[in-house]
>>> print(open('query-v6.pdb').read())   # PDB, C-alpha atoms
ATOM      1  CA  MET I1398     -14.800  44.923 143.141
ATOM      2  CA  ASN I1399     -14.901  41.653 145.133
ATOM      3  CA  GLN I1400     -18.387  40.570 146.151
ATOM      4  CA  ILE I1401     -18.991  40.604 149.905
ATOM      5  CA  ALA I1402     -19.995  37.115 151.112
ATOM      6  CA  THR I1403     -23.423  37.541 152.739
ATOM      7  CA  ASP I1404     -24.959  34.150 151.940
ATOM      8  CA  ASN I1405     -23.684  32.627 155.175
ATOM      9  CA  ILE I1406     -25.147  35.349 157.423
ATOM     10  CA  PRO I1407     -28.432  33.955 158.849
ATOM     11  CA  GLY I1408     -31.434  36.078 157.872
ATOM     12  CA  PHE I1409     -29.298  38.691 156.087
ATOM     13  CA  HIS I1410     -31.383  38.628 152.897
ATOM     14  CA  SER I1411     -34.685  38.943 154.752
ATOM     15  CA  ILE I1412     -36.477  42.185 153.849
ATOM     16  CA  GLN I1413     -37.195  42.583 157.565
ATOM     17  CA  ASN I1414     -33.502  42.665 158.401
ATOM     18  CA  PRO I1415     -32.442  46.340 158.828
ATOM     19  CA  PHE I1416     -28.900  45.496 157.715
ATOM     20  CA  TRP I1417     -30.248  44.120 154.434
ATOM     21  CA  ARG I1418     -32.265  47.297 153.912
ATOM     22  CA  LEU I1419     -29.155  49.416 154.454
ATOM     23  CA  TRP I1420     -27.234  47.221 152.035
ATOM     24  CA  VAL I1421     -29.863  47.682 149.308
ATOM     25  CA  ILE I1422     -29.911  51.465 149.840
ATOM     26  CA  PHE I1423     -26.095  51.649 149.773
ATOM     27  CA  ALA I1424     -25.889  49.606 146.551
ATOM     28  CA  GLY I1425     -28.532  51.811 144.950
ATOM     29  CA  LEU I1426     -26.675  54.999 145.846
ATOM     30  CA  ILE I1427     -23.459  53.642 144.362
ATOM     31  CA  SER I1428     -25.251  52.779 141.102
ATOM     32  CA  MET I1429     -26.863  56.219 140.901
ATOM     33  CA  THR I1430     -23.538  57.958 141.543
ATOM     34  CA  LEU I1431     -21.852  56.085 138.702
ATOM     35  CA  ALA I1432     -24.770  56.688 136.351
ATOM     36  CA  LEU I1433     -24.933  60.406 137.062
ATOM     37  CA  ALA I1434     -21.163  61.062 137.186
ATOM     38  CA  PRO I1435     -20.292  64.092 135.030
ATOM     39  CA  GLU I1436     -18.360  63.546 131.830
ATOM     40  CA  ALA I1437     -15.444  65.526 133.261
ATOM     41  CA  ALA I1438     -14.919  62.756 135.780
ATOM     42  CA  PHE I1439     -13.666  60.495 133.007
ATOM     43  CA  ALA I1440     -10.106  60.620 131.728
ATOM     44  CA  PHE I1441      -9.260  63.063 128.946
ATOM     45  CA  ASP I1442      -9.054  61.356 125.550
ATOM     46  CA  HIS I1443      -5.419  61.775 124.579
ATOM     47  CA  SER I1444      -6.076  60.077 121.237
ATOM     48  CA  HIS I1445      -8.163  63.108 120.201
ATOM     49  CA  LYS I1446     -10.322  60.671 118.215
ATOM     50  CA  LEU I1447     -13.175  63.152 117.762
ATOM     51  CA  PHE I1448     -10.854  65.535 115.923
ATOM     52  CA  SER I1449      -9.292  62.714 113.902
ATOM     53  CA  ALA I1450     -12.754  61.647 112.727
ATOM     54  CA  GLU I1451     -13.367  65.163 111.390
ATOM     55  CA  LEU I1452      -9.956  65.473 109.780
ATOM     56  CA  ARG I1453     -10.394  62.194 107.928
ATOM     57  CA  LYS I1454     -13.563  63.584 106.332
ATOM     58  CA  TYR I1455     -12.517  67.123 105.451
ATOM     59  CA  ALA I1456      -8.696  67.461 105.349
ATOM     60  CA  LYS I1457      -7.503  66.577 101.855
ATOM     61  CA  SER I1458      -4.136  66.583 100.102
ATOM     62  CA  ASP I1459      -4.934  69.813  98.248
ATOM     63  CA  GLY I1460      -6.508  71.648 101.181
ATOM     64  CA  VAL I1461      -9.508  71.717 103.479
ATOM     65  CA  GLN I1462     -13.136  71.256 102.469
ATOM     66  CA  TYR I1463     -14.445  74.200 104.484
ATOM     67  CA  ALA I1464     -17.753  74.459 102.607
ATOM     68  CA  GLU I1465     -18.648  70.834 103.312
ATOM     69  CA  TRP I1466     -17.322  70.987 106.877
ATOM     70  CA  LYS I1467     -19.405  74.054 107.664
ATOM     71  CA  LYS I1468     -22.575  72.180 106.674
ATOM     72  CA  ASN I1469     -21.918  69.593 109.382
ATOM     73  CA  HIS I1470     -19.715  71.073 112.106
ATOM     74  CA  SER I1471     -21.258  69.235 115.076
ATOM     75  CA  GLY I1472     -18.289  66.869 115.298
ATOM     76  CA  LEU I1473     -15.812  69.744 115.549
ATOM     77  CA  ASP I1474     -18.036  71.449 118.123
ATOM     78  CA  LYS I1475     -18.078  68.285 120.255
ATOM     79  CA  TYR I1476     -14.299  68.058 120.104
ATOM     80  CA  LEU I1477     -13.871  71.677 121.154
ATOM     81  CA  GLU I1478     -16.288  71.029 124.034
ATOM     82  CA  THR I1479     -13.971  68.282 125.320
ATOM     83  CA  LEU I1480     -11.152  70.842 125.402
ATOM     84  CA  SER I1481     -13.341  73.242 127.377
ATOM     85  CA  ALA I1482     -14.177  70.490 129.858
ATOM     86  CA  LEU I1483     -10.482  69.946 130.603
ATOM     87  CA  THR I1484      -9.572  71.442 133.974
ATOM     88  CA  ASP I1485      -6.301  73.001 135.050
ATOM     89  CA  ASP I1486      -5.820  70.284 137.684
ATOM     90  CA  GLU I1487      -6.151  67.588 135.012
ATOM     91  CA  TYR I1488      -3.806  69.443 132.693
ATOM     92  CA  LYS I1489      -1.109  69.658 135.359
ATOM     93  CA  GLU I1490      -0.935  65.851 135.336
ATOM     94  CA  PHE I1491      -0.178  65.711 131.590
ATOM     95  CA  ASP I1492       3.321  64.786 130.469
ATOM     96  CA  ALA I1493       5.227  66.804 127.858
ATOM     97  CA  GLN I1494       3.960  64.849 124.844
ATOM     98  CA  GLN I1495       0.361  65.015 126.051
ATOM     99  CA  LYS I1496       0.595  68.792 126.442
ATOM    100  CA  LYS I1497       2.249  69.215 123.058
ATOM    101  CA  SER I1498      -0.399  67.126 121.293
ATOM    102  CA  LEU I1499      -3.168  69.011 123.059
ATOM    103  CA  TRP I1500      -1.979  72.443 121.941
ATOM    104  CA  LEU I1501      -1.143  71.446 118.365
ATOM    105  CA  ASN I1502      -4.630  69.984 117.952
ATOM    106  CA  ALA I1503      -6.271  72.880 119.777
ATOM    107  CA  TYR I1504      -4.625  75.431 117.475
ATOM    108  CA  ASN I1505      -5.646  73.591 114.319
ATOM    109  CA  ALA I1506      -9.203  72.991 115.507
ATOM    110  CA  MET I1507      -9.633  76.627 116.520
ATOM    111  CA  ALA I1508      -8.199  77.818 113.196
ATOM    112  CA  VAL I1509     -10.729  75.694 111.326
ATOM    113  CA  LYS I1510     -13.559  77.043 113.477
ATOM    114  CA  LEU I1511     -12.365  80.615 112.915
ATOM    115  CA  VAL I1512     -12.553  80.145 109.150
ATOM    116  CA  MET I1513     -15.932  78.422 109.228
ATOM    117  CA  ASP I1514     -17.398  81.159 111.448
ATOM    118  CA  HIS I1515     -16.595  83.657 108.664
ATOM    119  CA  TYR I1516     -16.813  81.410 105.585
ATOM    120  CA  PRO I1517     -16.846  82.188 102.725
ATOM    121  CA  LEU I1518     -14.072  84.735 103.181
ATOM    122  CA  MET I1519     -14.560  87.737 100.883
ATOM    123  CA  GLY I1520     -12.636  90.635 102.434
ATOM    124  CA  ASP I1521     -11.466  93.880 100.881
ATOM    125  CA  ASN I1522      -8.167  94.488 102.709
ATOM    126  CA  PRO I1523      -5.810  95.228  99.786
ATOM    127  CA  ASP I1524      -2.793  93.835 101.635
ATOM    128  CA  TYR I1525      -4.060  90.248 101.411
ATOM    129  CA  PRO I1526      -5.986  88.006  99.000
ATOM    130  CA  ARG I1527      -9.766  88.389  99.247
ATOM    131  CA  ASN I1528     -10.168  84.846 100.603
ATOM    132  CA  SER I1529      -7.377  85.170 103.159
ATOM    133  CA  VAL I1530      -7.796  84.458 106.843
ATOM    134  CA  ARG I1531      -6.103  87.843 107.335
ATOM    135  CA  GLN I1532      -9.311  89.460 106.092
ATOM    136  CA  ILE I1533     -10.821  88.546 109.480
ATOM    137  CA  PRO I1534     -10.266  91.498 111.857
ATOM    138  CA  ASN I1535      -7.715  90.792 114.620
ATOM    139  CA  THR I1536      -7.109  87.409 113.012
ATOM    140  CA  TRP I1537      -5.017  85.707 115.663
ATOM    141  CA  ASP I1538      -7.127  86.987 118.571
ATOM    142  CA  ALA I1539     -10.485  86.787 116.805
ATOM    143  CA  ILE I1540     -11.378  83.462 118.417
ATOM    144  CA  SER I1541     -10.998  82.650 122.103
ATOM    145  CA  TRP I1542     -11.571  79.297 123.782
ATOM    146  CA  LYS I1543     -11.314  78.086 127.353
ATOM    147  CA  ILE I1544      -8.873  75.189 127.653
ATOM    148  CA  ALA I1545      -7.467  73.832 130.898
ATOM    149  CA  GLY I1546      -9.090  76.638 132.834
ATOM    150  CA  ARG I1547      -7.685  79.529 130.775
ATOM    151  CA  ASP I1548      -8.886  81.546 127.804
ATOM    152  CA  VAL I1549      -6.576  81.099 124.820
ATOM    153  CA  THR I1550      -6.415  82.469 121.288
ATOM    154  CA  LEU I1551      -4.453  81.357 118.253
ATOM    155  CA  TYR I1552      -1.836  83.929 119.230
ATOM    156  CA  THR I1553      -1.428  82.714 122.802
ATOM    157  CA  ILE I1554      -1.254  79.055 121.765
ATOM    158  CA  ALA I1555       1.388  79.734 119.120
ATOM    159  CA  HIS I1556       3.552  82.270 120.927
ATOM    160  CA  ASP I1557       2.930  81.919 124.653
ATOM    161  CA  ILE I1558       2.686  78.127 124.781
ATOM    162  CA  LEU I1559       4.161  76.265 121.807
ATOM    163  CA  ARG I1560       7.084  78.589 121.059
ATOM    164  CA  ARG I1561       8.059  78.625 124.734
ATOM    165  CA  ASP I1562       8.412  74.857 124.453
ATOM    166  CA  ARG I1563      11.371  75.601 122.130
ATOM    167  CA  ASP I1564      10.351  73.056 119.505
ATOM    168  CA  CYS I1565      10.672  74.777 116.133
ATOM    169  CA  ARG I1566       8.921  71.875 114.388
ATOM    170  CA  ALA I1567       5.641  73.274 115.685
ATOM    171  CA  HIS I1568       5.874  76.001 113.028
ATOM    172  CA  PHE I1569       5.153  73.348 110.392
ATOM    173  CA  ALA I1570       2.513  71.485 112.421
ATOM    174  CA  ILE I1571       0.155  74.330 113.284
ATOM    175  CA  VAL I1572      -1.921  75.309 110.274
ATOM    176  CA  PRO I1573      -2.957  78.990 110.077
ATOM    177  CA  ALA I1574      -5.382  78.323 107.200
ATOM    178  CA  THR I1575      -2.985  79.592 104.525
ATOM    179  CA  ARG I1576      -1.528  78.129 101.355
ATOM    180  CA  SER I1577       2.050  78.707 102.484
ATOM    181  CA  GLY I1578       1.543  77.341 105.989
ATOM    182  CA  GLY I1579       1.720  73.753 107.114
ATOM    183  CA  THR I1580      -0.633  71.108 105.723
ATOM    184  CA  LEU I1581      -3.586  70.036 107.851
ATOM    185  CA  GLN I1582      -3.070  66.336 108.478
ATOM    186  CA  THR I1583      -5.761  63.668 108.190
ATOM    187  CA  LYS I1584      -5.462  62.651 111.843
ATOM    188  CA  ALA I1585      -4.933  64.398 115.143
ATOM    189  CA  TYR I1586      -1.605  64.406 116.969
ATOM    190  CA  GLU I1587      -1.276  61.790 119.704
ATOM    191  CA  PRO I1588       1.253  61.737 122.569
ATOM    192  CA  ARG I1589       2.697  58.336 121.675
ATOM    193  CA  THR I1590       3.487  59.341 118.082
ATOM    194  CA  VAL I1591       3.776  63.138 118.164
ATOM    195  CA  GLU I1592       7.589  63.248 118.069
ATOM    196  CA  ALA I1593       7.794  61.050 114.975
ATOM    197  CA  GLU I1594       4.924  62.965 113.360
ATOM    198  CA  LEU I1595       6.653  66.309 113.930
ATOM    199  CA  ASN I1596       9.815  64.977 112.316
ATOM    200  CA  GLU I1597       7.873  63.731 109.312
ATOM    201  CA  ILE I1598       5.844  66.924 108.914
ATOM    202  CA  THR I1599       9.023  69.020 109.026
ATOM    203  CA  ARG I1600      10.629  66.851 106.337
ATOM    204  CA  GLU I1601       7.496  67.067 104.180
ATOM    205  CA  PHE I1602       7.297  70.848 104.530
ATOM    206  CA  LEU I1603      10.937  71.374 103.554
ATOM    207  CA  ALA I1604      10.729  68.863 100.722
ATOM    208  CA  LYS I1605       8.509  71.319  98.843
ATOM    209  CA  LYS I1606      10.479  73.535  96.462
ATOM    210  CA  GLU I1607       8.565  76.643  97.483
ATOM    211  CA  ASN I1608       9.794  76.126 101.066
ATOM    212  CA  LEU I1609      13.386  75.085 100.352
ATOM    213  CA  SER I1610      15.305  75.124  97.084
ATOM    214  CA  CYS I1611      18.872  75.645  95.989
ATOM    215  CA  ASP I1612      20.129  77.508  92.909
ATOM    216  CA  PHE I1613      23.865  76.997  92.454
ATOM    217  CA  ASP I1614      24.042  79.287  89.419
ATOM    218  CA  LYS I1615      22.661  82.206  91.428
ATOM    219  CA  GLY I1616      24.298  81.092  94.678
ATOM    220  CA  THR I1617      20.997  81.205  96.583
ATOM    221  CA  LEU I1618      18.950  79.148  99.011
ATOM    222  CA  THR I1619      15.269  80.022  98.841
ATOM    223  CA  VAL I1620      13.354  79.252 102.038
ATOM    224  CA  SER I1621       9.909  79.794 103.534
ATOM    225  CA  GLN I1622       9.055  83.213 104.925
ATOM    226  CA  ILE I1623       8.483  81.467 108.270
ATOM    227  CA  PHE I1624      12.249  81.436 108.771
ATOM    228  CA  LYS I1625      12.412  85.197 108.347
ATOM    229  CA  TRP I1626       9.731  85.741 110.978
ATOM    230  CA  PHE I1627      11.181  83.406 113.626
ATOM    231  CA  PRO I1628      14.912  82.871 112.960
ATOM    232  CA  LEU I1629      15.936  82.510 116.613
ATOM    233  CA  ASP I1630      13.489  79.623 117.076
ATOM    234  CA  PHE I1631      15.638  77.582 114.715
ATOM    235  CA  LEU I1632      18.859  78.337 116.554
ATOM    236  CA  VAL I1633      17.540  76.268 119.459
ATOM    237  CA  CYS I1634      17.199  73.278 117.160
ATOM    238  CA  THR I1635      20.758  73.413 115.873
ATOM    239  CA  GLY I1636      22.700  73.238 119.119
ATOM    240  CA  ASP I1637      22.516  73.301 122.883
ATOM    241  CA  GLY I1638      20.280  76.369 123.000
ATOM    242  CA  LYS I1639      23.087  78.742 123.967
ATOM    243  CA  MET I1640      23.907  81.695 121.785
ATOM    244  CA  PRO I1641      27.235  81.045 120.036
ATOM    245  CA  MET I1642      29.851  83.774 120.095
ATOM    246  CA  PRO I1643      30.069  85.837 118.064
ATOM    247  CA  PRO I1644      26.287  85.731 117.594
ATOM    248  CA  PRO I1645      25.298  84.442 114.147
ATOM    249  CA  THR I1646      23.163  86.516 111.834
ATOM    250  CA  ASP I1647      19.597  85.473 111.109
ATOM    251  CA  ASP I1648      20.611  84.178 107.688
ATOM    252  CA  GLU I1649      23.428  82.099 109.212
ATOM    253  CA  ILE I1650      20.968  80.520 111.651
ATOM    254  CA  VAL I1651      18.531  79.688 108.874
ATOM    255  CA  ARG I1652      21.255  78.411 106.545
ATOM    256  CA  ALA I1653      22.599  76.042 109.197
ATOM    257  CA  TYR I1654      19.146  74.677 109.962
ATOM    258  CA  VAL I1655      17.838  74.035 106.438
ATOM    259  CA  LYS I1656      21.025  72.414 105.153
ATOM    260  CA  GLN I1657      20.199  69.223 107.047
ATOM    261  CA  PHE I1658      17.081  68.769 104.899
ATOM    262  CA  LEU I1659      18.829  69.027 101.542
ATOM    263  CA  PRO I1660      19.770  65.905  99.526
ATOM    264  CA  GLN I1661      23.200  64.548 100.377
ATOM    265  CA  GLU I1662      24.571  65.392  96.937
ATOM    266  CA  THR I1663      23.399  68.997  97.311
ATOM    267  CA  LYS I1664      24.906  69.286 100.789
ATOM    268  CA  GLU I1665      28.262  68.106  99.476
ATOM    269  CA  LYS I1666      28.204  70.759  96.740
ATOM    270  CA  LEU I1667      27.422  73.414  99.326
ATOM    271  CA  GLU I1668      30.549  72.687 101.372
ATOM    272  CA  GLY I1669      32.567  75.849 101.713
ATOM    273  CA  LYS I1670      30.004  77.995  99.899
ATOM    274  CA  GLU I1671      28.091  80.834 101.502
ATOM    275  CA  MET I1672      24.777  80.718  99.723
ATOM    276  CA  LYS I1673      22.618  83.827  99.946
ATOM    277  CA  ILE I1674      19.275  83.295 101.706
ATOM    278  CA  ILE I1675      16.174  84.346  99.764
ATOM    279  CA  TYR I1676      12.855  84.386 101.592
ATOM    280  CA  ALA I1677      10.038  83.138  99.410
ATOM    281  CA  TYR I1678       6.716  84.868  98.862
ATOM    282  CA  TYR I1679       4.150  83.788 101.455
ATOM    283  CA  ASP I1680       0.749  82.951  99.993
ATOM    284  CA  TRP I1681      -1.945  84.085 102.445
ATOM    285  CA  SER I1682      -4.753  82.611 100.337
ATOM    286  CA  LEU I1683      -7.096  80.263 102.177
ATOM    287  CA  ASN I1684      -5.980  76.637 102.138
ATOM    288  CA  GLU I1685      -9.293  75.361 100.801
ATOM    289  CA  THR I1686      -9.743  72.614  98.222
ATOM    290  CA  ALA I1687     -10.655  73.352  94.629
ATOM    291  CA  SER I1688     -14.048  71.741  95.226
ATOM    292  CA  SER I1689     -14.729  74.103  98.143
ATOM    293  CA  LYS I1690     -13.929  77.114  95.971
ATOM    294  CA  SER I1691     -16.374  76.026  93.283
ATOM    295  CA  THR I1692     -19.260  75.536  95.713
ATOM    296  CA  SER I1693     -18.691  78.643  97.840
ATOM    297  CA  ARG I1694     -18.569  81.363  95.192
TER     298      ARG I1694
END
>>> encode(input="query-v6.pdb", output="structure tokens")
Amino acid sequence: MNQIATDNIPGFHSIQNPFWRLWVIFAGLISMTLALAPEAAFAFDHSHKLFSAELRKYAKSDGVQYAEWKKNHSGLDKYLETLSALTDDEYKEFDAQQKKSLWLNAYNAMAVKLVMDHYPLMGDNPDYPRNSVRQIPNTWDAISWKIAGRDVTLYTIAHDILRRDRDCRAHFAIVPATRSGGTLQTKAYEPRTVEAELNEITREFLAKKENLSCDFDKGTLTVSQIFKWFPLDFLVCTGDGKMPMPPPTDDEIVRAYVKQFLPQETKEKLEGKEMKIIYAYYDWSLNETASSKSTSR
């Protein structure tokens, strides 16, 4: 702010001058207002650096160090507090990439908190491994957080927000704390790089044999169970979003989508062949590191 020239006003700086007194009071009020301004008055941190700092410490190539993270979860708590401080009016000013980054990070942070609130997981539901996140009752609604003025759960973020955005890559970016889900990255998603990161994460997910493999002898394409649960989401990614006529089967949708991620030589061999789709076993075991397992049992 430009300084107001008062040096040339005779007697202005005299303590007896009432105008000078008003000036001092006004300047003091401005300083107090800036000093006491609430944190919410400052711009939302779209770099999500608080979450990135936590991910760099506890997200590893073979899983998440939940045991170590639980011992010092103040950083994650601070990050989640910044999400709670976000207002609906602020959120309405976000562009598409800012919103997408927000919800991807929010889901992953809430999933980590859900696990740590119940860690170590030692359930007795026979339908899932003992250390599965599915051992937590009402798993996807078990944690609720206020973000942008509304209460959200893992379910609402995944199905009511991200899936409505019609970006199927989100299925590989949100990490539901399972072995067969996506891999928790070592940094948070940021608006300026989120599109490239989603492309890379999708390629990495489908480069794993358990998520996509081809057996010419058996005439099969084995793919992640995720495709069986949400086949129509992947139709949006393969065309203009309109349902082709006649409508394709779920397997046809999945086959058309995954082919683009196969090696060129494999794609050429597949020309003219109708490979049967096999949906792989989904491992619901907790995506924790080996070191976490050894210290938590």
>>> closest_atom_pairs(input="query-v6.pdb", of="range 1476-1532 of chain I", to="range 1580-1604 of chain I", cutoff="12 Å", atoms="all atoms listed in the file", output="Markdown table")
| residue | atom | partner | partner_atom | distance |
| --- | --- | --- | --- | --- |
| I:Tyr1476 | CA | I:Ala1585 | CA | 11.2 |
| I:Phe1491 | CA | I:Pro1588 | CA | 10.0 |
| I:Asp1492 | CA | I:Pro1588 | CA | 8.7 |
| I:Ala1493 | CA | I:Pro1588 | CA | 8.3 |
| I:Gln1494 | CA | I:Pro1588 | CA | 4.7 |
| I:Gln1495 | CA | I:Pro1588 | CA | 4.9 |
| I:Lys1496 | CA | I:Pro1588 | CA | 8.1 |
| I:Lys1497 | CA | I:Pro1588 | CA | 7.6 |
| I:Ser1498 | CA | I:Tyr1586 | CA | 5.2 |
| I:Leu1499 | CA | I:Tyr1586 | CA | 7.8 |
| I:Trp1500 | CA | I:Tyr1586 | CA | 9.5 |
| I:Leu1501 | CA | I:Tyr1586 | CA | 7.2 |
| I:Asn1502 | CA | I:Ala1585 | CA | 6.3 |
| I:Ala1503 | CA | I:Ala1585 | CA | 9.8 |
| I:Tyr1504 | CA | I:Leu1581 | CA | 11.1 |
| I:Asn1505 | CA | I:Leu1581 | CA | 7.7 |
| I:Ala1506 | CA | I:Ala1585 | CA | 9.6 |
| I:Ala1508 | CA | I:Leu1581 | CA | 10.5 |
| I:Val1509 | CA | I:Leu1581 | CA | 9.8 |
>>> residues_around(input="query-v6.pdb", residues="Gln1532 in chain I", least_positions_apart="2", cutoff="12 Å", atoms="only C-alpha atoms", output="VMD selection string")
chain I and resid 1511 to 1512 1515 to 1530 1534 to 1537 1539 1574 to 1575 1681 to 1683
>>> closest_residue(input="query-v6.pdb", among="I:Gln1622, I:Ser1458, I:Asn1469, I:Ser1449", to="Asn1684 in chain I", atoms="all atoms listed in the file")
I:Ser1458
>>> axis_aligned_box(input="query-v6.pdb", around="range 1568-1582 of chain I", padding_each_side="8 Å", output="AutoDock Vina command-line options")
--center_x 0.2 --center_y 73.0 --center_z 107.3 --size_x 27.3 --size_y 29.3 --size_z 27.9
>>> residues_around(input="query-v6.pdb", residues="range 1462-1468 of chain I", least_positions_apart="2", cutoff="8 Å", atoms="all atoms listed in the file", output="list of chain:residue names")
I:Tyr1455, I:Ala1456, I:Lys1457, I:Gly1460, I:His1470, I:Val1509, I:Val1512, I:Met1513, I:Tyr1516, I:Pro1517, I:Glu1685, I:Thr1686, I:Ser1688, I:Ser1689, I:Thr1692, I:Ser1693
>>> closest_residue(input="query-v6.pdb", among="I:Arg1561, I:Ile1674, I:Thr1646, I:Asp1630", to="Ser1610 in chain I", atoms="only C-alpha atoms")
I:Ile1674
>>> atom_distance(input="query-v6.pdb", atom1="CA of Lys1543 in chain I", atom2="CA of Leu1480 in chain I")
7.5 Å
>>> closest_residue(input="query-v6.pdb", among="I:Leu1551, I:Met1642, I:Leu1629, I:Ile1558", to="Tyr1654 in chain I", atoms="all atoms listed in the file")
I:Leu1629
>>> resolve_selection(input="query-v6.pdb", expression="the PyMOL selection byres ((chain I and resi 1676) around 9)", output="list in words")
Asn1608, Leu1618, Thr1619, Val1620, Ser1621, Gln1622, Ile1623, Phe1624, Lys1625, Ile1674, Ile1675, Ala1677, Tyr1678 and Tyr1679 of chain I
>>> build_atoms(input="query-v6.pdb", residues="range 1565-1583 of chain I", atoms="N, CA and C atoms", output="compact mmCIF listing (two decimals), in the coordinates of the input")
# COMPACT_ATOMS: atom_id res chain seq x y z
N CYS I 1565 10.94 74.02 117.36
CA CYS I 1565 10.67 74.78 116.13
C CYS I 1565 9.83 73.99 115.14
N ARG I 1566 9.73 72.68 115.30
CA ARG I 1566 8.92 71.88 114.39
C ARG I 1566 7.45 72.26 114.45
N ALA I 1567 7.04 72.87 115.54
CA ALA I 1567 5.64 73.27 115.68
C ALA I 1567 5.23 74.27 114.61
N HIS I 1568 6.19 75.03 114.07
CA HIS I 1568 5.87 76.00 113.03
C HIS I 1568 5.29 75.32 111.79
N PHE I 1569 5.63 74.06 111.57
CA PHE I 1569 5.15 73.35 110.39
C PHE I 1569 3.94 72.48 110.71
N ALA I 1570 3.62 72.35 111.99
CA ALA I 1570 2.51 71.48 112.42
C ALA I 1570 1.23 72.26 112.67
N ILE I 1571 1.36 73.52 113.12
CA ILE I 1571 0.16 74.33 113.28
C ILE I 1571 -0.19 74.93 111.93
N VAL I 1572 -1.47 74.94 111.62
CA VAL I 1572 -1.92 75.31 110.27
C VAL I 1572 -2.79 76.56 110.34
N PRO I 1573 -2.23 77.72 109.96
CA PRO I 1573 -2.96 78.99 110.08
C PRO I 1573 -3.90 79.26 108.91
N ALA I 1574 -4.39 78.20 108.29
CA ALA I 1574 -5.38 78.32 107.20
C ALA I 1574 -4.86 79.11 106.01
N THR I 1575 -3.59 78.90 105.66
CA THR I 1575 -2.98 79.59 104.52
C THR I 1575 -2.33 78.59 103.59
N ARG I 1576 -2.17 78.99 102.34
CA ARG I 1576 -1.53 78.13 101.36
C ARG I 1576 -0.06 77.87 101.68
N SER I 1577 0.62 78.87 102.22
CA SER I 1577 2.05 78.71 102.48
C SER I 1577 2.35 78.17 103.88
N GLY I 1578 1.33 77.91 104.66
CA GLY I 1578 1.54 77.34 105.99
C GLY I 1578 1.66 75.83 105.91
N GLY I 1579 1.67 75.20 107.08
CA GLY I 1579 1.72 73.75 107.11
C GLY I 1579 0.45 73.14 106.54
N THR I 1580 0.51 71.85 106.27
CA THR I 1580 -0.63 71.11 105.72
C THR I 1580 -1.42 70.46 106.85
N LEU I 1581 -2.74 70.66 106.84
CA LEU I 1581 -3.59 70.04 107.85
C LEU I 1581 -3.61 68.53 107.61
N GLN I 1582 -3.18 67.78 108.61
CA GLN I 1582 -3.07 66.34 108.48
C GLN I 1582 -4.44 65.66 108.57
N THR I 1583 -4.49 64.39 108.19
CA THR I 1583 -5.76 63.67 108.19
C THR I 1583 -6.03 62.95 109.51
